[in-house]
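See structure below.
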Amino acid sequence: MSGNRTKGGLVDWIEANATTELALTINGAEHRLTIDARVTLLDALREHLHLTGTKKGCDHGQCGACTVLVDGRRINSCLSLALMHQGDAITTIEGIGTPEALHPLQAAFVAADGFQCGYCTPGQICSAMGMLGEIEAGWPSHVSDDLDAPAVADTEQIRERMSGNLCRCAAYPHIVEAIASVARDRAEAAA
Ligand code: FES
Ligand code: FES
């Protein structure tokens, strides 16, 4: 293996040929980048575009701090290469609400005291947005007794559906309360 690390070896070839140009659409704006093809979407956001609202917790798909929305679906951006997302609509926390006009989920997190240090919160909110869409699309939860029954945003299902988003401050009861209140409001508005 050490031979590959000498000049002219495989590693050198990869290093010399890894740079690529790509365009990403983030929060409705196009960004052009010249980066190493091995850069994750998370590092492209944070290190190259300075959109640091998306957090890095584990960098291994285990904590959910890096959750963003891609075409409305939630993903762990640390597990996905940036170049895989040309042509996708990427939404980060910077594209959700403003300080003057919070998104309902952001307002609910404030009202329910759904955070302490706040490090997990951008990922929690992006994940909750995607999760509420999954419920409205009728996707069953792993704790659904009947997979054909309508999906519901009860405490048990919210906990299961949000289980990929860890909170080291253990604000879970208030996070669930915040999400449940938004789910109730949306259900009432749709009724
Ligand atoms: S940083 Fe991506 S899941 Fe933890
Ligand atoms: S509020 Fe601190 S990690 Fe969740």
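By convention here, the chains of the structure tokens are called A, B, ... in the order presented, each chain's residues are numbered starting at 1, and ligands are numbered starting at 1 in the order presented.
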Residues up to 12 Å from ligand 2, counting only C-alpha atoms and all ligand atoms: could you list those as an mmCIF file with N, CA, C and O atoms, in the first residue's frame?
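Dumped to pocket.cif:
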data_model
loop_
_atom_site.group_PDB
_atom_site.id
_atom_site.type_symbol
_atom_site.label_atom_id
_atom_site.label_comp_id
_atom_site.auth_asym_id
_atom_site.auth_seq_id
_atom_site.Cartn_x
_atom_site.Cartn_y
_atom_site.Cartn_z
ATOM 1 N N LYS A 55 -25.096 21.657 10.857
ATOM 2 C CA LYS A 55 -24.051 21.301 11.832
ATOM 3 C C LYS A 55 -23.422 19.940 11.539
ATOM 4 O O LYS A 55 -24.055 19.051 10.972
ATOM 5 N N LYS A 56 -22.173 19.816 11.970
ATOM 6 C CA LYS A 56 -21.486 18.520 11.910
ATOM 7 C C LYS A 56 -21.374 17.986 13.326
ATOM 8 O O LYS A 56 -20.734 18.606 14.184
ATOM 9 N N GLY A 57 -22.023 16.855 13.561
ATOM 10 C CA GLY A 57 -21.917 16.226 14.868
ATOM 11 C C GLY A 57 -20.959 15.057 14.796
ATOM 12 O O GLY A 57 -19.823 15.118 15.273
ATOM 13 N N CYS A 63 -26.042 11.072 13.973
ATOM 14 C CA CYS A 63 -26.629 12.044 14.915
ATOM 15 C C CYS A 63 -27.714 12.923 14.312
ATOM 16 O O CYS A 63 -28.535 13.477 15.037
ATOM 17 N N GLY A 64 -27.732 13.093 13.004
ATOM 18 C CA GLY A 64 -28.771 13.905 12.364
ATOM 19 C C GLY A 64 -28.522 15.405 12.397
ATOM 20 O O GLY A 64 -29.323 16.172 11.851
ATOM 21 N N ALA A 65 -27.427 15.847 12.998
ATOM 22 C CA ALA A 65 -27.171 17.292 13.089
ATOM 23 C C ALA A 65 -27.017 17.930 11.709
ATOM 24 O O ALA A 65 -27.247 19.117 11.536
ATOM 25 N N PHE A 109 -40.582 25.681 18.183
ATOM 26 C CA PHE A 109 -39.424 25.308 19.010
ATOM 27 C C PHE A 109 -39.156 26.393 20.063
ATOM 28 O O PHE A 109 -38.815 26.083 21.209
ATOM 29 N N VAL A 110 -39.316 27.647 19.684
ATOM 30 C CA VAL A 110 -39.130 28.728 20.660
ATOM 31 C C VAL A 110 -40.215 28.652 21.724
ATOM 32 O O VAL A 110 -39.937 28.696 22.931
ATOM 33 N N ASP A 113 -39.817 25.725 24.055
ATOM 34 C CA ASP A 113 -38.494 25.588 24.682
ATOM 35 C C ASP A 113 -37.820 24.301 24.177
ATOM 36 O O ASP A 113 -37.283 23.519 24.962
ATOM 37 N N GLY A 114 -37.836 24.132 22.830
ATOM 38 C CA GLY A 114 -37.386 22.878 22.231
ATOM 39 C C GLY A 114 -35.893 22.789 22.001
ATOM 40 O O GLY A 114 -35.454 21.990 21.166
ATOM 41 N N PHE A 115 -35.106 23.604 22.662
ATOM 42 C CA PHE A 115 -33.655 23.498 22.525
ATOM 43 C C PHE A 115 -32.979 24.073 23.762
ATOM 44 O O PHE A 115 -33.563 24.877 24.491
ATOM 45 N N GLN A 116 -31.741 23.625 23.959
ATOM 46 C CA GLN A 116 -30.932 24.195 25.046
ATOM 47 C C GLN A 116 -29.688 24.831 24.419
ATOM 48 O O GLN A 116 -29.641 26.024 24.197
ATOM 49 N N CYS A 117 -28.665 24.017 24.049
ATOM 50 C CA CYS A 117 -27.500 24.623 23.388
ATOM 51 C C CYS A 117 -27.814 25.005 21.951
ATOM 52 O O CYS A 117 -27.178 25.876 21.379
ATOM 53 N N GLY A 118 -28.789 24.337 21.326
ATOM 54 C CA GLY A 118 -29.198 24.657 19.965
ATOM 55 C C GLY A 118 -28.393 23.983 18.865
ATOM 56 O O GLY A 118 -28.695 24.163 17.689
ATOM 57 N N TYR A 119 -27.387 23.191 19.237
ATOM 58 C CA TYR A 119 -26.528 22.612 18.196
ATOM 59 C C TYR A 119 -27.301 21.656 17.285
ATOM 60 O O TYR A 119 -27.078 21.639 16.065
ATOM 61 N N CYS A 120 -28.203 20.897 17.841
ATOM 62 C CA CYS A 120 -28.953 19.922 17.037
ATOM 63 C C CYS A 120 -30.147 20.545 16.327
ATOM 64 O O CYS A 120 -30.764 19.915 15.477
ATOM 65 N N THR A 121 -30.491 21.794 16.692
ATOM 66 C CA THR A 121 -31.772 22.367 16.291
ATOM 67 C C THR A 121 -31.946 22.539 14.779
ATOM 68 O O THR A 121 -33.015 22.204 14.249
ATOM 69 N N PRO A 122 -30.947 23.027 14.035
ATOM 70 C CA PRO A 122 -31.157 23.112 12.577
ATOM 71 C C PRO A 122 -31.507 21.755 11.965
ATOM 72 O O PRO A 122 -32.401 21.659 11.122
ATOM 73 N N GLY A 123 -30.804 20.726 12.389
ATOM 74 C CA GLY A 123 -31.097 19.388 11.881
ATOM 75 C C GLY A 123 -32.462 18.910 12.332
ATOM 76 O O GLY A 123 -33.189 18.263 11.570
ATOM 77 N N GLN A 124 -32.826 19.216 13.573
ATOM 78 C CA GLN A 124 -34.149 18.808 14.069
ATOM 79 C C GLN A 124 -35.245 19.464 13.220
ATOM 80 O O GLN A 124 -36.235 18.812 12.850
ATOM 81 N N ILE A 125 -35.069 20.743 12.926
ATOM 82 C CA ILE A 125 -36.121 21.464 12.191
ATOM 83 C C ILE A 125 -36.196 20.992 10.737
ATOM 84 O O ILE A 125 -37.287 20.752 10.207
ATOM 85 N N ASN A 165 -32.443 11.916 14.835
ATOM 86 C CA ASN A 165 -31.918 13.215 15.260
ATOM 87 C C ASN A 165 -31.681 13.201 16.757
ATOM 88 O O ASN A 165 -32.626 13.253 17.552
ATOM 89 N N LEU A 166 -30.420 13.134 17.126
ATOM 90 C CA LEU A 166 -30.077 13.070 18.547
ATOM 91 C C LEU A 166 -29.928 14.477 19.121
ATOM 92 O O LEU A 166 -29.577 15.425 18.416
ATOM 93 N N CYS A 167 -30.198 14.582 20.413
ATOM 94 C CA CYS A 167 -30.040 15.849 21.128
ATOM 95 C C CYS A 167 -29.252 15.564 22.396
ATOM 96 O O CYS A 167 -29.764 14.929 23.313
ATOM 97 N N ARG A 168 -28.011 16.040 22.428
ATOM 98 C CA ARG A 168 -27.177 15.714 23.590
ATOM 99 C C ARG A 168 -27.652 16.462 24.829
ATOM 100 O O ARG A 168 -27.273 16.125 25.944
ATOM 101 N N CYS A 169 -28.473 17.500 24.641
ATOM 102 C CA CYS A 169 -29.064 18.198 25.794
ATOM 103 C C CYS A 169 -30.336 17.507 26.269
ATOM 104 O O CYS A 169 -30.934 17.941 27.253
ATOM 105 N N ALA A 170 -30.774 16.497 25.528
ATOM 106 C CA ALA A 170 -31.969 15.725 25.892
ATOM 107 C C ALA A 170 -33.207 16.597 26.002
ATOM 108 O O ALA A 170 -33.998 16.463 26.931
ATOM 109 N N ALA A 171 -33.387 17.468 25.024
ATOM 110 C CA ALA A 171 -34.587 18.315 24.999
ATOM 111 C C ALA A 171 -35.768 17.599 24.336
ATOM 112 O O ALA A 171 -36.727 18.251 23.922
ATOM 113 N N TYR A 172 -35.684 16.294 24.273
ATOM 114 C CA TYR A 172 -36.668 15.529 23.495
ATOM 115 C C TYR A 172 -38.135 15.833 23.818
ATOM 116 O O TYR A 172 -38.930 16.020 22.894
ATOM 117 N N PRO A 173 -38.542 15.874 25.081
ATOM 118 C CA PRO A 173 -39.979 16.118 25.337
ATOM 119 C C PRO A 173 -40.463 17.424 24.719
ATOM 120 O O PRO A 173 -41.567 17.492 24.153
ATOM 121 N N HIS A 174 -39.642 18.452 24.766
ATOM 122 C CA HIS A 174 -40.065 19.744 24.228
ATOM 123 C C HIS A 174 -39.965 19.776 22.702
ATOM 124 O O HIS A 174 -40.745 20.465 22.043
ATOM 125 N N ILE A 175 -39.017 19.029 22.151
ATOM 126 C CA ILE A 175 -38.927 18.920 20.687
ATOM 127 C C ILE A 175 -40.195 18.244 20.155
ATOM 128 O O ILE A 175 -40.821 18.711 19.199
#
Within 9 Å of Arg159 (chain A) using only C-alpha atoms, minus same-chain residues under 4 positions, as a PyMOL selection string: chain A and resi 154-155+163+172+176
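A straight line drawn from CA of Asn27 (chain A) to CA of Gly95 (chain A) is 5.0 Å long.
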Shell around Ile26 (chain A) at 10 Å using only C-alpha atoms, local window under 3 positions removed, as a ChimeraX atom specification: /A:23,29-31,45,49,51,69-70,88-92,94-95
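Taking region 52-112 of chain A and asking which residues DSSP calls alpha helix (DSSP H) on the backbone, you get Pro104, Leu105, Gln106, Ala107, Ala108, Phe109, Val110 and Ala111 of chain A.
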How about saving the chosen residues, N, CA, C and O atoms kept, as a PDB file, in the first residue's frame?
ATOM      1  N   PRO A 104     -43.174  28.232  11.000  1.00  0.00           N
ATOM      2  CA  PRO A 104     -43.968  27.723  12.135  1.00  0.00           C
ATOM      3  C   PRO A 104     -43.213  26.736  13.022  1.00  0.00           C
ATOM      4  O   PRO A 104     -43.395  26.742  14.257  1.00  0.00           O
ATOM      5  N   LEU A 105     -42.364  25.904  12.421  1.00  0.00           N
ATOM      6  CA  LEU A 105     -41.606  24.966  13.263  1.00  0.00           C
ATOM      7  C   LEU A 105     -40.598  25.717  14.139  1.00  0.00           C
ATOM      8  O   LEU A 105     -40.401  25.367  15.314  1.00  0.00           O
ATOM      9  N   GLN A 106     -39.961  26.721  13.582  1.00  0.00           N
ATOM     10  CA  GLN A 106     -39.016  27.509  14.387  1.00  0.00           C
ATOM     11  C   GLN A 106     -39.747  28.210  15.522  1.00  0.00           C
ATOM     12  O   GLN A 106     -39.284  28.219  16.673  1.00  0.00           O
ATOM     13  N   ALA A 107     -40.906  28.792  15.191  1.00  0.00           N
ATOM     14  CA  ALA A 107     -41.681  29.471  16.238  1.00  0.00           C
ATOM     15  C   ALA A 107     -42.118  28.480  17.311  1.00  0.00           C
ATOM     16  O   ALA A 107     -42.106  28.796  18.515  1.00  0.00           O
ATOM     17  N   ALA A 108     -42.481  27.272  16.880  1.00  0.00           N
ATOM     18  CA  ALA A 108     -42.930  26.260  17.847  1.00  0.00           C
ATOM     19  C   ALA A 108     -41.773  25.803  18.740  1.00  0.00           C
ATOM     20  O   ALA A 108     -41.977  25.553  19.940  1.00  0.00           O
ATOM     21  N   PHE A 109     -40.582  25.681  18.183  1.00  0.00           N
ATOM     22  CA  PHE A 109     -39.424  25.308  19.010  1.00  0.00           C
ATOM     23  C   PHE A 109     -39.156  26.393  20.063  1.00  0.00           C
ATOM     24  O   PHE A 109     -38.815  26.083  21.209  1.00  0.00           O
ATOM     25  N   VAL A 110     -39.316  27.647  19.684  1.00  0.00           N
ATOM     26  CA  VAL A 110     -39.130  28.728  20.660  1.00  0.00           C
ATOM     27  C   VAL A 110     -40.215  28.652  21.724  1.00  0.00           C
ATOM     28  O   VAL A 110     -39.937  28.696  22.931  1.00  0.00           O
ATOM     29  N   ALA A 111     -41.461  28.518  21.272  1.00  0.00           N
ATOM     30  CA  ALA A 111     -42.588  28.519  22.219  1.00  0.00           C
ATOM     31  C   ALA A 111     -42.522  27.338  23.174  1.00  0.00           C
ATOM     32  O   ALA A 111     -42.865  27.470  24.364  1.00  0.00           O
TER      33      ALA A 111
END
Selected residue, from A:Arg32, A:His48, A:His85, A:His60, that lies nearest to ligand 1 when counting only C-alpha atoms and all ligand atoms: A:His60
Who sits within 10 Å of Ala44 (chain A), only C-alpha atoms, same chain under 2 positions skipped, as a short mmCIF file (atom, residue, chain, number, x, y, z; two decimals) with all heavy atoms, in the first residue's frame:
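The resulting selection.cif:
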data_model
loop_
_atom_site.label_atom_id
_atom_site.label_comp_id
_atom_site.auth_asym_id
_atom_site.auth_seq_id
_atom_site.Cartn_x
_atom_site.Cartn_y
_atom_site.Cartn_z
N LEU A 24 -24.58 23.92 -7.46
CA LEU A 24 -25.58 23.47 -6.49
C LEU A 24 -26.64 24.55 -6.33
O LEU A 24 -26.30 25.74 -6.27
CB LEU A 24 -24.93 23.19 -5.14
CG LEU A 24 -23.89 22.08 -5.08
CD1 LEU A 24 -23.27 22.01 -3.69
CD2 LEU A 24 -24.50 20.73 -5.46
N LEU A 33 -19.03 25.86 -7.78
CA LEU A 33 -17.90 25.48 -6.95
C LEU A 33 -16.87 24.71 -7.76
O LEU A 33 -17.24 23.96 -8.68
CB LEU A 33 -18.35 24.56 -5.80
CG LEU A 33 -19.21 25.15 -4.70
CD1 LEU A 33 -19.77 24.03 -3.84
CD2 LEU A 33 -18.37 26.10 -3.85
N ILE A 35 -14.32 22.05 -6.57
CA ILE A 35 -13.93 21.34 -5.35
C ILE A 35 -13.50 19.92 -5.66
O ILE A 35 -13.73 19.40 -6.75
CB ILE A 35 -15.08 21.30 -4.31
CG1 ILE A 35 -16.33 20.64 -4.91
CG2 ILE A 35 -15.38 22.68 -3.77
CD1 ILE A 35 -17.45 20.45 -3.89
N ASP A 36 -12.92 19.30 -4.67
CA ASP A 36 -12.57 17.89 -4.74
C ASP A 36 -13.87 17.08 -4.85
O ASP A 36 -14.82 17.32 -4.11
CB ASP A 36 -11.80 17.51 -3.46
CG ASP A 36 -11.17 16.13 -3.57
OD1 ASP A 36 -11.90 15.16 -3.83
OD2 ASP A 36 -9.94 16.04 -3.37
N VAL A 39 -15.71 15.68 -1.75
CA VAL A 39 -16.24 16.52 -0.68
C VAL A 39 -17.72 16.19 -0.45
O VAL A 39 -18.50 16.08 -1.39
CB VAL A 39 -16.08 18.02 -1.05
CG1 VAL A 39 -16.89 18.91 -0.11
CG2 VAL A 39 -14.61 18.40 -1.02
N THR A 40 -18.08 16.02 0.81
CA THR A 40 -19.48 15.73 1.12
C THR A 40 -20.32 16.99 0.95
O THR A 40 -19.82 18.12 0.97
CB THR A 40 -19.63 15.24 2.57
OG1 THR A 40 -19.24 16.30 3.46
CG2 THR A 40 -18.83 13.99 2.83
N LEU A 41 -21.63 16.78 0.85
CA LEU A 41 -22.53 17.92 0.78
C LEU A 41 -22.39 18.77 2.04
O LEU A 41 -22.39 20.00 1.97
CB LEU A 41 -23.98 17.43 0.61
CG LEU A 41 -25.04 18.52 0.56
CD1 LEU A 41 -24.78 19.51 -0.58
CD2 LEU A 41 -26.43 17.90 0.41
N LEU A 42 -22.22 18.12 3.18
CA LEU A 42 -22.07 18.87 4.43
C LEU A 42 -20.84 19.78 4.39
O LEU A 42 -20.92 20.96 4.75
CB LEU A 42 -21.96 17.89 5.62
CG LEU A 42 -21.67 18.53 6.98
CD1 LEU A 42 -22.75 19.52 7.37
CD2 LEU A 42 -21.50 17.45 8.04
N ARG A 46 -20.67 23.87 4.55
CA ARG A 46 -20.02 24.56 5.67
C ARG A 46 -18.68 25.18 5.30
O ARG A 46 -18.42 26.35 5.60
CB ARG A 46 -19.82 23.57 6.84
CG ARG A 46 -21.10 23.19 7.56
CD ARG A 46 -20.78 22.30 8.77
NE ARG A 46 -19.83 22.94 9.65
CZ ARG A 46 -20.16 23.81 10.59
NH1 ARG A 46 -21.42 24.12 10.78
NH2 ARG A 46 -19.23 24.35 11.36
N GLU A 47 -17.84 24.39 4.65
CA GLU A 47 -16.46 24.82 4.45
C GLU A 47 -16.27 25.64 3.16
O GLU A 47 -15.38 26.48 3.10
CB GLU A 47 -15.52 23.59 4.40
CG GLU A 47 -15.66 22.65 5.58
CD GLU A 47 -15.35 23.31 6.91
OE1 GLU A 47 -14.57 24.27 6.93
OE2 GLU A 47 -15.91 22.85 7.93
N HIS A 48 -17.08 25.38 2.15
CA HIS A 48 -16.89 26.07 0.88
C HIS A 48 -17.89 27.19 0.66
O HIS A 48 -17.59 28.17 -0.01
CB HIS A 48 -16.96 25.06 -0.27
CG HIS A 48 -15.85 24.05 -0.23
ND1 HIS A 48 -14.64 24.24 -0.86
CD2 HIS A 48 -15.74 22.86 0.42
CE1 HIS A 48 -13.84 23.20 -0.62
NE2 HIS A 48 -14.49 22.35 0.16
N LEU A 49 -19.11 27.04 1.17
CA LEU A 49 -20.13 28.08 0.97
C LEU A 49 -20.42 28.86 2.25
O LEU A 49 -21.21 29.79 2.24
CB LEU A 49 -21.41 27.44 0.42
CG LEU A 49 -21.24 26.79 -0.95
CD1 LEU A 49 -22.46 25.97 -1.33
CD2 LEU A 49 -20.98 27.86 -2.00
N HIS A 50 -19.82 28.42 3.34
CA HIS A 50 -19.95 29.12 4.63
C HIS A 50 -21.40 29.21 5.11
O HIS A 50 -21.79 30.16 5.77
CB HIS A 50 -19.30 30.50 4.55
CG HIS A 50 -17.90 30.42 4.00
ND1 HIS A 50 -16.89 29.71 4.62
CD2 HIS A 50 -17.37 30.91 2.86
CE1 HIS A 50 -15.79 29.77 3.90
NE2 HIS A 50 -16.05 30.48 2.81
N LEU A 51 -22.17 28.20 4.73
CA LEU A 51 -23.54 28.07 5.27
C LEU A 51 -23.43 27.17 6.50
O LEU A 51 -23.65 25.96 6.45
CB LEU A 51 -24.47 27.46 4.19
CG LEU A 51 -24.73 28.39 3.00
CD1 LEU A 51 -25.39 27.63 1.86
CD2 LEU A 51 -25.60 29.57 3.42
N SER A 77 -26.51 15.06 5.31
CA SER A 77 -25.61 15.62 4.29
C SER A 77 -24.18 15.15 4.46
O SER A 77 -23.37 15.27 3.54
CB SER A 77 -25.68 17.14 4.29
OG SER A 77 -25.30 17.68 5.54
N CYS A 78 -23.84 14.57 5.61
CA CYS A 78 -22.48 14.05 5.80
C CYS A 78 -22.27 12.73 5.06
O CYS A 78 -21.14 12.29 4.91
CB CYS A 78 -22.16 13.87 7.29
SG CYS A 78 -23.07 12.52 8.09
N LEU A 81 -22.24 12.86 -1.28
CA LEU A 81 -21.26 13.71 -1.95
C LEU A 81 -21.96 14.91 -2.59
O LEU A 81 -23.05 14.77 -3.16
CB LEU A 81 -20.51 12.92 -3.01
CG LEU A 81 -19.66 11.75 -2.50
CD1 LEU A 81 -19.03 11.01 -3.68
CD2 LEU A 81 -18.59 12.24 -1.54
N ALA A 82 -21.31 16.05 -2.53
CA ALA A 82 -21.91 17.25 -3.10
C ALA A 82 -22.21 17.08 -4.58
O ALA A 82 -23.26 17.50 -5.07
CB ALA A 82 -20.97 18.45 -2.89
N LEU A 83 -21.30 16.42 -5.31
CA LEU A 83 -21.50 16.33 -6.76
C LEU A 83 -22.71 15.47 -7.13
O LEU A 83 -23.15 15.48 -8.28
CB LEU A 83 -20.23 15.82 -7.45
CG LEU A 83 -19.70 14.42 -7.18
CD1 LEU A 83 -20.46 13.38 -7.98
CD2 LEU A 83 -18.23 14.34 -7.52
#
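Atom pair atom 1 (S, counted along the ligand's line) of ligand 1 / CA of Cys66 (chain A): separated by 4.7 Å.
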Backbone DSSP call of strand (DSSP E) for region 14-95 of chain A, listed as an MDAnalysis selection string: chainID A and resid 19:26 29:36 67:70 73:76 89:91
Counting only C-alpha atoms and all ligand atoms, the option among A:Cys126, A:Val11, A:Ala151, A:Leu79 closest to ligand 1: A:Leu79
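Shortest atom-to-atom contact with ligand 1 among A:Gln157, A:Gln62, A:Ser80, A:Thr19: A:Gln62, counting only C-alpha atoms and all ligand atoms.
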